[in-house]
>>> print(open('model_3.pdb').read())   # PDB, C-alpha atoms
ATOM      1  CA  MET A 204     -15.648 -21.273 -16.679
ATOM      2  CA  ARG A 205     -13.232 -18.396 -17.222
ATOM      3  CA  ASP A 206     -13.098 -17.747 -13.456
ATOM      4  CA  LEU A 207     -12.328 -21.394 -12.777
ATOM      5  CA  LEU A 208      -9.515 -21.407 -15.336
ATOM      6  CA  TRP A 209      -8.044 -18.257 -13.758
ATOM      7  CA  THR A 210      -8.303 -19.574 -10.193
ATOM      8  CA  PHE A 211      -6.946 -23.078 -10.682
ATOM      9  CA  PHE A 212      -4.640 -22.821 -13.698
ATOM     10  CA  VAL A 213      -3.660 -19.298 -14.700
ATOM     11  CA  TYR A 214      -3.434 -17.607 -11.289
ATOM     12  CA  PRO A 215      -0.933 -20.056  -9.696
ATOM     13  CA  ILE A 216       1.460 -19.447 -12.614
ATOM     14  CA  TYR A 217       0.849 -15.695 -12.448
ATOM     15  CA  PHE A 218       1.517 -15.638  -8.700
ATOM     16  CA  LEU A 219       4.676 -17.740  -8.954
ATOM     17  CA  LYS A 220       6.080 -15.425 -11.622
ATOM     18  CA  LEU A 221       5.191 -12.441  -9.439
ATOM     19  CA  ILE A 222       7.128 -13.909  -6.519
ATOM     20  CA  MET A 223      10.171 -14.521  -8.719
ATOM     21  CA  VAL A 224      10.107 -10.945 -10.015
ATOM     22  CA  GLU A 225       9.756  -9.647  -6.463
ATOM     23  CA  LEU A 226      12.707 -11.661  -5.207
ATOM     24  CA  ASN A 227      14.838 -10.462  -8.100
ATOM     25  CA  THR A 228      13.862  -6.853  -7.372
ATOM     26  CA  LEU A 229      14.592  -7.110  -3.658
ATOM     27  CA  GLN A 230      18.011  -8.699  -4.192
ATOM     28  CA  LYS A 231      19.244  -5.159  -4.859
ATOM     29  CA  HIS A 232      18.115  -4.171  -1.357
ATOM     30  CA  PRO A 233      19.262  -6.894   1.097
ATOM     31  CA  PRO A 234      17.489  -5.520   4.210
ATOM     32  CA  LEU A 235      14.182  -5.412   2.339
ATOM     33  CA  LEU A 236      14.739  -8.904   0.958
ATOM     34  CA  ALA A 237      15.335 -10.209   4.481
ATOM     35  CA  ILE A 238      12.217  -8.426   5.718
ATOM     36  CA  GLN A 239      10.069  -9.788   2.898
ATOM     37  CA  LEU A 240      11.222 -13.353   3.487
ATOM     38  CA  GLN A 241      10.467 -13.030   7.203
ATOM     39  CA  ILE A 242       7.042 -11.564   6.449
ATOM     40  CA  TRP A 243       6.179 -14.448   4.153
ATOM     41  CA  GLY A 244       7.406 -16.973   6.718
ATOM     42  CA  TYR A 245       5.625 -15.375   9.661
ATOM     43  CA  TYR A 246       2.241 -14.958   8.010
ATOM     44  CA  PHE A 247       2.364 -18.428   6.467
ATOM     45  CA  LEU A 248       3.389 -20.241   9.648
ATOM     46  CA  PHE A 249       2.226 -18.172  12.608
ATOM     47  CA  TYR A 250      -0.740 -16.060  11.581
ATOM     48  CA  PRO A 251      -3.735 -18.370  11.035
ATOM     49  CA  PHE A 252      -6.726 -17.311   8.983
ATOM     50  CA  LEU A 253      -9.059 -17.412  11.986
ATOM     51  CA  ARG A 254      -6.916 -14.930  13.894
ATOM     52  CA  HIS A 255      -6.879 -12.571  10.934
ATOM     53  CA  THR A 256     -10.649 -12.892  10.663
ATOM     54  CA  TYR A 257     -11.014 -12.160  14.379
ATOM     55  CA  GLU A 258      -8.928  -8.986  14.086
ATOM     56  CA  LYS A 259     -11.001  -7.809  11.119
ATOM     57  CA  VAL A 260     -14.278  -8.406  12.960
ATOM     58  CA  LYS A 261     -12.980  -6.729  16.118
ATOM     59  CA  SER A 262     -12.000  -3.628  14.102
ATOM     60  CA  GLY A 263     -15.680  -2.812  13.592
ATOM     61  CA  GLN A 264     -15.102  -1.899   9.949
ATOM     62  CA  ASP A 265     -17.176  -3.302   7.098
ATOM     63  CA  LEU A 266     -15.493  -6.645   6.350
ATOM     64  CA  SER A 267     -15.937  -6.158   2.616
ATOM     65  CA  GLU A 268     -13.501  -3.240   2.874
ATOM     66  CA  LEU A 269     -10.828  -5.376   4.542
ATOM     67  CA  VAL A 270     -10.137  -7.797   1.712
ATOM     68  CA  TYR A 271      -6.362  -8.176   1.669
ATOM     69  CA  GLY A 272      -4.141  -7.740  -1.359
ATOM     70  CA  GLU A 273      -0.587  -6.515  -1.930
ATOM     71  CA  THR A 274       1.208  -4.120  -4.235
ATOM     72  CA  PRO A 275       4.599  -5.710  -4.950
ATOM     73  CA  ILE A 276       7.704  -3.527  -4.669
ATOM     74  CA  SER A 277       8.465  -4.352  -8.313
ATOM     75  CA  SER A 278       5.132  -2.799  -9.314
ATOM     76  CA  PHE A 279       5.472   0.126  -6.925
ATOM     77  CA  GLN A 280       8.819   1.037  -8.479
ATOM     78  CA  LYS A 281       7.111   1.376 -11.850
ATOM     79  CA  ILE A 282       4.331   3.484 -10.350
ATOM     80  CA  ILE A 283       6.661   6.086  -8.829
ATOM     81  CA  LYS A 284       9.559   5.976 -11.303
ATOM     82  CA  ASP A 285       8.775   9.373 -12.842
ATOM     83  CA  LEU A 286       8.134  11.203  -9.575
ATOM     84  CA  PRO A 287      10.814  13.736  -8.534
ATOM     85  CA  LEU A 288      11.313  12.234  -5.082
ATOM     86  CA  SER A 289      13.354  13.989  -2.413
ATOM     87  CA  GLU A 290      14.039  13.668   1.306
ATOM     88  CA  ASN A 291      11.684  16.601   1.807
ATOM     89  CA  ASP A 292       8.764  14.400   0.821
ATOM     90  CA  ARG A 293       6.529  12.646   3.318
ATOM     91  CA  PHE A 294       4.906   9.351   2.305
ATOM     92  CA  VAL A 295       1.867   7.626   3.767
ATOM     93  CA  ASP A 296       0.344   4.277   2.819
ATOM     94  CA  LEU A 297      -3.315   4.252   3.860
ATOM     95  CA  GLY A 298      -4.170   0.623   4.525
ATOM     96  CA  CYS A 299      -0.523  -0.428   4.560
ATOM     97  CA  GLY A 300      -1.070  -4.109   5.311
ATOM     98  CA  LYS A 301       2.300  -5.696   6.083
ATOM     99  CA  GLY A 302       4.123  -2.416   5.558
ATOM    100  CA  MET A 303       6.572  -3.113   2.739
ATOM    101  CA  LEU A 304       5.869   0.049   0.738
ATOM    102  CA  ALA A 305       6.582   2.333   3.694
ATOM    103  CA  MET A 306       9.795   0.460   4.446
ATOM    104  CA  TYR A 307      10.815   0.665   0.797
ATOM    105  CA  MET A 308      10.313   4.428   0.624
ATOM    106  CA  ALA A 309      12.260   4.940   3.853
ATOM    107  CA  GLN A 310      15.096   2.527   3.079
ATOM    108  CA  VAL A 311      15.661   3.190  -0.621
ATOM    109  CA  HIS A 312      14.623   6.822  -1.050
ATOM    110  CA  GLY A 313      15.298   8.139   2.454
ATOM    111  CA  ILE A 314      11.775   9.520   2.698
ATOM    112  CA  PRO A 315       9.975   9.567   6.055
ATOM    113  CA  ALA A 316       7.167   7.059   5.594
ATOM    114  CA  THR A 317       4.123   6.070   7.613
ATOM    115  CA  GLY A 318       1.966   2.994   7.253
ATOM    116  CA  ILE A 319      -1.592   3.158   8.593
ATOM    117  CA  ASP A 320      -3.711   0.052   9.120
ATOM    118  CA  ILE A 321      -6.491  -1.092  11.400
ATOM    119  CA  ILE A 322      -5.205  -4.669  11.813
ATOM    120  CA  PRO A 323      -3.009  -4.729  14.946
ATOM    121  CA  THR A 324      -0.799  -7.668  13.935
ATOM    122  CA  PHE A 325       0.188  -5.907  10.695
ATOM    123  CA  ILE A 326       1.289  -2.834  12.643
ATOM    124  CA  LYS A 327       3.064  -4.756  15.400
ATOM    125  CA  LYS A 328       5.052  -6.981  13.013
ATOM    126  CA  ALA A 329       5.974  -4.152  10.626
ATOM    127  CA  THR A 330       7.211  -2.059  13.562
ATOM    128  CA  GLN A 331       9.310  -4.947  14.869
ATOM    129  CA  LEU A 332      10.946  -5.536  11.480
ATOM    130  CA  ALA A 333      11.593  -1.849  10.810
ATOM    131  CA  ASN A 334      13.297  -1.581  14.206
ATOM    132  CA  ARG A 335      15.261  -4.785  13.739
ATOM    133  CA  TYR A 336      16.699  -3.609  10.416
ATOM    134  CA  ARG A 337      17.090  -0.016  11.562
ATOM    135  CA  ILE A 338      14.759   1.513   9.017
ATOM    136  CA  HIS A 339      14.287   4.495  11.268
ATOM    137  CA  ARG A 340      12.352   6.647   8.813
ATOM    138  CA  ALA A 341       9.493   4.142   8.628
ATOM    139  CA  GLU A 342       6.780   4.141  11.270
ATOM    140  CA  PHE A 343       3.492   2.305  11.600
ATOM    141  CA  LYS A 344       0.288   3.322  13.320
ATOM    142  CA  LYS A 345      -2.857   1.368  14.125
ATOM    143  CA  ALA A 346      -5.797   3.576  13.162
ATOM    144  CA  PRO A 347      -8.710   3.818  10.747
ATOM    145  CA  ILE A 348      -7.444   5.435   7.566
ATOM    146  CA  LEU A 349     -10.028   8.206   7.898
ATOM    147  CA  GLU A 350      -8.283   9.297  11.103
ATOM    148  CA  ALA A 351      -4.766   9.586   9.647
ATOM    149  CA  ASP A 352      -2.975  12.927   9.925
ATOM    150  CA  LEU A 353      -2.227  14.065   6.363
ATOM    151  CA  THR A 354      -1.281  17.676   6.993
ATOM    152  CA  LYS A 355       2.415  17.264   6.094
ATOM    153  CA  VAL A 356       2.136  14.396   3.620
ATOM    154  CA  THR A 357       3.288  14.928   0.029
ATOM    155  CA  ILE A 358       2.699  11.427  -1.414
ATOM    156  CA  VAL A 359      -0.270   9.201  -0.568
ATOM    157  CA  TYR A 360      -0.718   5.605  -1.660
ATOM    158  CA  LEU A 361      -4.300   4.428  -1.356
ATOM    159  CA  ALA A 362      -5.308   0.933  -2.435
ATOM    160  CA  TRP A 363      -9.030   1.606  -2.287
ATOM    161  CA  THR A 364     -10.191  -1.164  -4.641
ATOM    162  CA  CYS A 365     -12.479  -2.740  -2.029
ATOM    163  CA  LEU A 366     -13.642   0.412  -0.276
ATOM    164  CA  THR A 367     -17.285   1.422  -0.592
ATOM    165  CA  HIS A 368     -18.341   4.487  -2.554
ATOM    166  CA  GLU A 369     -19.222   6.194   0.715
ATOM    167  CA  THR A 370     -15.772   5.614   2.193
ATOM    168  CA  ARG A 371     -14.058   6.749  -1.010
ATOM    169  CA  THR A 372     -16.141   9.936  -0.948
ATOM    170  CA  GLN A 373     -15.113  10.620   2.649
ATOM    171  CA  LEU A 374     -11.482   9.996   1.781
ATOM    172  CA  ILE A 375     -11.568  12.373  -1.170
ATOM    173  CA  GLU A 376     -12.834  15.151   1.071
ATOM    174  CA  LYS A 377     -10.184  14.372   3.674
ATOM    175  CA  LEU A 378      -7.421  14.363   1.075
ATOM    176  CA  ALA A 379      -8.599  17.611  -0.489
ATOM    177  CA  THR A 380      -8.842  19.487   2.800
ATOM    178  CA  GLU A 381      -5.843  18.121   4.735
ATOM    179  CA  LEU A 382      -3.063  17.584   2.199
ATOM    180  CA  PRO A 383      -0.759  20.468   1.274
ATOM    181  CA  ASP A 384      -1.131  21.925  -2.194
ATOM    182  CA  GLY A 385       0.806  19.900  -4.753
ATOM    183  CA  ALA A 386       0.540  16.620  -2.863
ATOM    184  CA  ILE A 387       0.296  13.519  -5.051
ATOM    185  CA  VAL A 388      -2.299  10.794  -4.507
ATOM    186  CA  ILE A 389      -1.951   7.340  -6.058
ATOM    187  CA  THR A 390      -5.075   5.169  -6.115
ATOM    188  CA  THR A 391      -5.881   1.673  -7.336
ATOM    189  CA  THR A 392      -8.764   0.614  -9.612
ATOM    190  CA  TYR A 393     -10.680   3.915  -9.349
ATOM    191  CA  PRO A 394      -9.355   7.372 -10.257
ATOM    192  CA  LEU A 395      -9.631  10.259  -7.837
ATOM    193  CA  GLN A 396     -12.388  12.283  -9.475
ATOM    194  CA  ASP A 397     -12.631  15.708  -7.905
ATOM    195  CA  PRO A 398     -12.147  19.165  -9.471
ATOM    196  CA  ARG A 399      -9.669  20.094  -6.745
ATOM    197  CA  PHE A 400      -7.233  17.516  -8.139
ATOM    198  CA  THR A 401      -5.390  17.458 -11.457
ATOM    199  CA  LYS A 402      -5.136  14.068 -13.168
ATOM    200  CA  MET A 403      -1.560  12.983 -13.880
ATOM    201  CA  GLY A 404      -2.159   9.729 -15.723
ATOM    202  CA  SER A 405      -2.604   6.011 -15.177
ATOM    203  CA  GLN A 406      -0.817   2.745 -15.821
ATOM    204  CA  THR A 407      -1.348  -0.999 -15.528
ATOM    205  CA  VAL A 408       0.808  -2.961 -13.084
ATOM    206  CA  GLN A 409       0.715  -6.335 -11.403
ATOM    207  CA  PHE A 410      -0.892  -6.825  -8.017
ATOM    208  CA  SER A 411      -1.057  -9.918  -5.853
ATOM    209  CA  TRP A 412      -4.565 -10.646  -7.123
ATOM    210  CA  SER A 413      -4.233  -9.763 -10.856
ATOM    211  CA  PRO A 414      -2.993  -6.989 -13.141
ATOM    212  CA  GLY A 415      -4.800  -3.721 -12.414
ATOM    213  CA  THR A 416      -4.790   0.013 -13.012
ATOM    214  CA  VAL A 417      -3.327   2.721 -10.807
ATOM    215  CA  PHE A 418      -4.175   6.400 -11.125
ATOM    216  CA  MET A 419      -2.197   9.450 -10.088
ATOM    217  CA  ALA A 420      -3.526  12.906  -9.251
ATOM    218  CA  LYS A 421      -2.085  16.093  -7.774
ATOM    219  CA  LEU A 422      -3.895  18.416  -5.395
ATOM    220  CA  GLY A 423      -4.348  21.818  -7.022
ATOM    221  CA  GLN A 424      -4.580  23.033 -10.568
ATOM    222  CA  THR A 425      -1.486  23.233 -12.741
TER
END
>>> encode(input="model_3.pdb", output="structure tokens")
Amino acid sequence: MRDLLWTFFVYPIYFLKLIMVELNTLQKHPPLLAIQLQIWGYYFLFYPFLRHTYEKVKSGQDLSELVYGETPISSFQKIIKDLPLSENDRFVDLGCGKGMLAMYMAQVHGIPATGIDIIPTFIKKATQLANRYRIHRAEFKKAPILEADLTKVTIVYLAWTCLTHETRTQLIEKLATELPDGAIVITTTYPLQDPRFTKMGSQTVQFSWSPGTVFMAKLGQT
């Protein structure tokens, strides 16, 4: 009963409020607002569910790991607000989806940013929009997230809510062995539990599916 109430009554109101907050946030950044509106229009009108399903199946990855959800820019701002960002940082979004976080980091903070995703349409459309609006510090690559090059990355965003325990374990090892010391990893739903990382805290923010928890950890002991 509670799930039905959430799905048919509470969630539509929650989602509408989320959209309004997102639009208000992006008004301060006109190129990003234009990009977001075009993303919503394109995926609503020209990217049918069956095509998305086909691309997920063709990827060869466990479909349960490819459930789509978004981190709004308004929530992402809260997540990173206390980080001492600089143009010397390098940002990567593992499983970037439509690519807004990478474009935000590049456009607003001037940080070179890379979005990695296995769905080709996500990468193609994000690349087109970044080029159209001259967000030159954002790039997008089609690849499994376990194959991403992390050797120069200082900030990782990893929405691993739907990833299996096995994949999360592989990712932790990759992060611990490839990232430079002091790199920061932000994860959703599950904390990064490994003695090679120092926990930095957690907070609750809004996602496209519901409110949820994000965790932050730094590679190395402080």
>>> residues_around(input="model_3.pdb", residues="Gly272 in chain A", least_positions_apart="4", cutoff="10 Å", atoms="only C-alpha atoms", output="list in words")
Gly300, Ala362, Thr364, Cys365, Phe410, Ser411, Trp412 and Ser413 of chain A
>>> write_last_selection(input="model_3.pdb", atoms="C-alpha atoms", output="mmCIF file, in the frame of the given file")
data_model
loop_
_atom_site.group_PDB
_atom_site.id
_atom_site.type_symbol
_atom_site.label_atom_id
_atom_site.label_comp_id
_atom_site.auth_asym_id
_atom_site.auth_seq_id
_atom_site.Cartn_x
_atom_site.Cartn_y
_atom_site.Cartn_z
ATOM 1 C CA GLY A 300 -1.070 -4.109 5.311
ATOM 2 C CA ALA A 362 -5.308 0.933 -2.435
ATOM 3 C CA THR A 364 -10.191 -1.164 -4.641
ATOM 4 C CA CYS A 365 -12.479 -2.740 -2.029
ATOM 5 C CA PHE A 410 -0.892 -6.825 -8.017
ATOM 6 C CA SER A 411 -1.057 -9.918 -5.853
ATOM 7 C CA TRP A 412 -4.565 -10.646 -7.123
ATOM 8 C CA SER A 413 -4.233 -9.763 -10.856
#
>>> residues_around(input="model_3.pdb", residues="range 290-298 of chain A", least_positions_apart="4", cutoff="7 Å", atoms="all atoms listed in the file", output="PyMOL selection string")
chain A and resi 305+313-320+348+355-361
>>> residues_around(input="model_3.pdb", residues="Thr401 in chain A", least_positions_apart="6", cutoff="8 Å", atoms="only C-alpha atoms", output="PDB file with C-alpha atoms, in the frame of the given file")
ATOM      1  CA  ALA A 420      -3.526  12.906  -9.251  1.00  0.00           C
ATOM      2  CA  LYS A 421      -2.085  16.093  -7.774  1.00  0.00           C
ATOM      3  CA  LEU A 422      -3.895  18.416  -5.395  1.00  0.00           C
ATOM      4  CA  GLY A 423      -4.348  21.818  -7.022  1.00  0.00           C
ATOM      5  CA  GLN A 424      -4.580  23.033 -10.568  1.00  0.00           C
ATOM      6  CA  THR A 425      -1.486  23.233 -12.741  1.00  0.00           C
TER       7      THR A 425
END
>>> residues_near_point(input="model_3.pdb", point="(-10.7, 19.2, -4.2)", cutoff="12 Å", atoms="all atoms listed in the file", output="PyMOL selection string")
chain A and resi 372-386+388+395-402+420-424
>>> residues_around(input="model_3.pdb", residues="Ile283 in chain A", least_positions_apart="5", cutoff="12 Å", atoms="all atoms listed in the file", output="JSON, numbers by chain")
{"A": [276, 277, 278, 288, 294, 304, 307, 308, 312, 358, 359, 360, 387, 388, 389, 403, 404, 405, 406, 408, 417, 418, 419]}
>>> build_atoms(input="model_3.pdb", residues="range 372-407 of chain A", atoms="N, CA and C atoms", output="compact mmCIF listing (two decimals), in the frame of the given file")
# COMPACT_ATOMS: atom_id res chain seq x y z
N THR A 372 -15.70 8.53 -0.95
CA THR A 372 -16.14 9.94 -0.95
C THR A 372 -15.60 10.67 0.28
N GLN A 373 -15.65 10.01 1.43
CA GLN A 373 -15.11 10.62 2.65
C GLN A 373 -13.60 10.83 2.54
N LEU A 374 -12.92 9.89 1.94
CA LEU A 374 -11.48 10.00 1.78
C LEU A 374 -11.11 11.14 0.83
N ILE A 375 -11.85 11.28 -0.23
CA ILE A 375 -11.57 12.37 -1.17
C ILE A 375 -11.66 13.72 -0.47
N GLU A 376 -12.68 13.89 0.34
CA GLU A 376 -12.83 15.15 1.07
C GLU A 376 -11.67 15.35 2.06
N LYS A 377 -11.30 14.29 2.73
CA LYS A 377 -10.18 14.37 3.67
C LYS A 377 -8.89 14.74 2.95
N LEU A 378 -8.63 14.08 1.85
CA LEU A 378 -7.42 14.36 1.08
C LEU A 378 -7.39 15.80 0.58
N ALA A 379 -8.53 16.27 0.09
CA ALA A 379 -8.60 17.61 -0.49
C ALA A 379 -8.44 18.71 0.55
N THR A 380 -8.86 18.44 1.77
CA THR A 380 -8.84 19.49 2.80
C THR A 380 -7.62 19.42 3.73
N GLU A 381 -6.97 18.26 3.81
CA GLU A 381 -5.84 18.12 4.74
C GLU A 381 -4.48 18.15 4.06
N LEU A 382 -4.36 17.64 2.86
CA LEU A 382 -3.06 17.58 2.20
C LEU A 382 -2.58 18.98 1.81
N PRO A 383 -1.28 19.20 1.78
CA PRO A 383 -0.76 20.47 1.27
C PRO A 383 -0.92 20.54 -0.24
N ASP A 384 -0.99 21.74 -0.76
CA ASP A 384 -1.13 21.92 -2.19
C ASP A 384 0.05 21.28 -2.92
N GLY A 385 -0.23 20.58 -3.99
CA GLY A 385 0.81 19.90 -4.75
C GLY A 385 1.04 18.47 -4.35
N ALA A 386 0.39 18.01 -3.29
CA ALA A 386 0.54 16.62 -2.86
C ALA A 386 0.02 15.67 -3.94
N ILE A 387 0.65 14.51 -4.04
CA ILE A 387 0.30 13.52 -5.05
C ILE A 387 -0.42 12.35 -4.40
N VAL A 388 -1.51 11.92 -5.02
CA VAL A 388 -2.30 10.79 -4.51
C VAL A 388 -2.33 9.70 -5.57
N ILE A 389 -1.94 8.50 -5.17
CA ILE A 389 -1.95 7.34 -6.06
C ILE A 389 -3.05 6.40 -5.58
N THR A 390 -3.96 6.05 -6.48
CA THR A 390 -5.08 5.17 -6.12
C THR A 390 -5.13 3.96 -7.04
N THR A 391 -5.73 2.89 -6.54
CA THR A 391 -5.88 1.67 -7.34
C THR A 391 -7.32 1.52 -7.81
N THR A 392 -7.47 0.99 -9.02
CA THR A 392 -8.76 0.61 -9.61
C THR A 392 -9.63 1.80 -10.00
N TYR A 393 -9.83 2.76 -9.09
CA TYR A 393 -10.68 3.92 -9.35
C TYR A 393 -9.85 5.20 -9.33
N PRO A 394 -10.06 6.09 -10.29
CA PRO A 394 -9.36 7.37 -10.26
C PRO A 394 -9.94 8.29 -9.20
N LEU A 395 -9.17 9.25 -8.78
CA LEU A 395 -9.63 10.26 -7.84
C LEU A 395 -10.31 11.36 -8.66
N GLN A 396 -11.63 11.36 -8.64
CA GLN A 396 -12.39 12.28 -9.48
C GLN A 396 -12.94 13.42 -8.62
N ASP A 397 -12.23 14.53 -8.66
CA ASP A 397 -12.63 15.71 -7.90
C ASP A 397 -11.97 16.92 -8.56
N PRO A 398 -12.71 18.01 -8.77
CA PRO A 398 -12.15 19.16 -9.47
C PRO A 398 -10.98 19.83 -8.75
N ARG A 399 -10.80 19.51 -7.48
CA ARG A 399 -9.67 20.09 -6.74
C ARG A 399 -8.35 19.41 -7.06
N PHE A 400 -8.43 18.28 -7.78
CA PHE A 400 -7.23 17.52 -8.14
C PHE A 400 -7.02 17.55 -9.65
N THR A 401 -5.76 17.53 -10.04
CA THR A 401 -5.39 17.46 -11.46
C THR A 401 -4.94 16.04 -11.78
N LYS A 402 -5.51 15.43 -12.79
CA LYS A 402 -5.14 14.07 -13.17
C LYS A 402 -3.74 14.07 -13.79
N MET A 403 -2.94 13.08 -13.39
CA MET A 403 -1.56 12.98 -13.88
C MET A 403 -1.33 11.77 -14.76
N GLY A 404 -2.31 10.89 -14.87
CA GLY A 404 -2.16 9.73 -15.72
C GLY A 404 -2.47 8.44 -15.00
N SER A 405 -2.32 7.34 -15.73
CA SER A 405 -2.60 6.01 -15.18
C SER A 405 -1.69 4.99 -15.85
N GLN A 406 -1.60 3.83 -15.24
CA GLN A 406 -0.82 2.74 -15.82
C GLN A 406 -1.31 1.42 -15.26
N THR A 407 -0.99 0.35 -15.96
CA THR A 407 -1.35 -1.00 -15.53
C THR A 407 -0.12 -1.68 -14.95
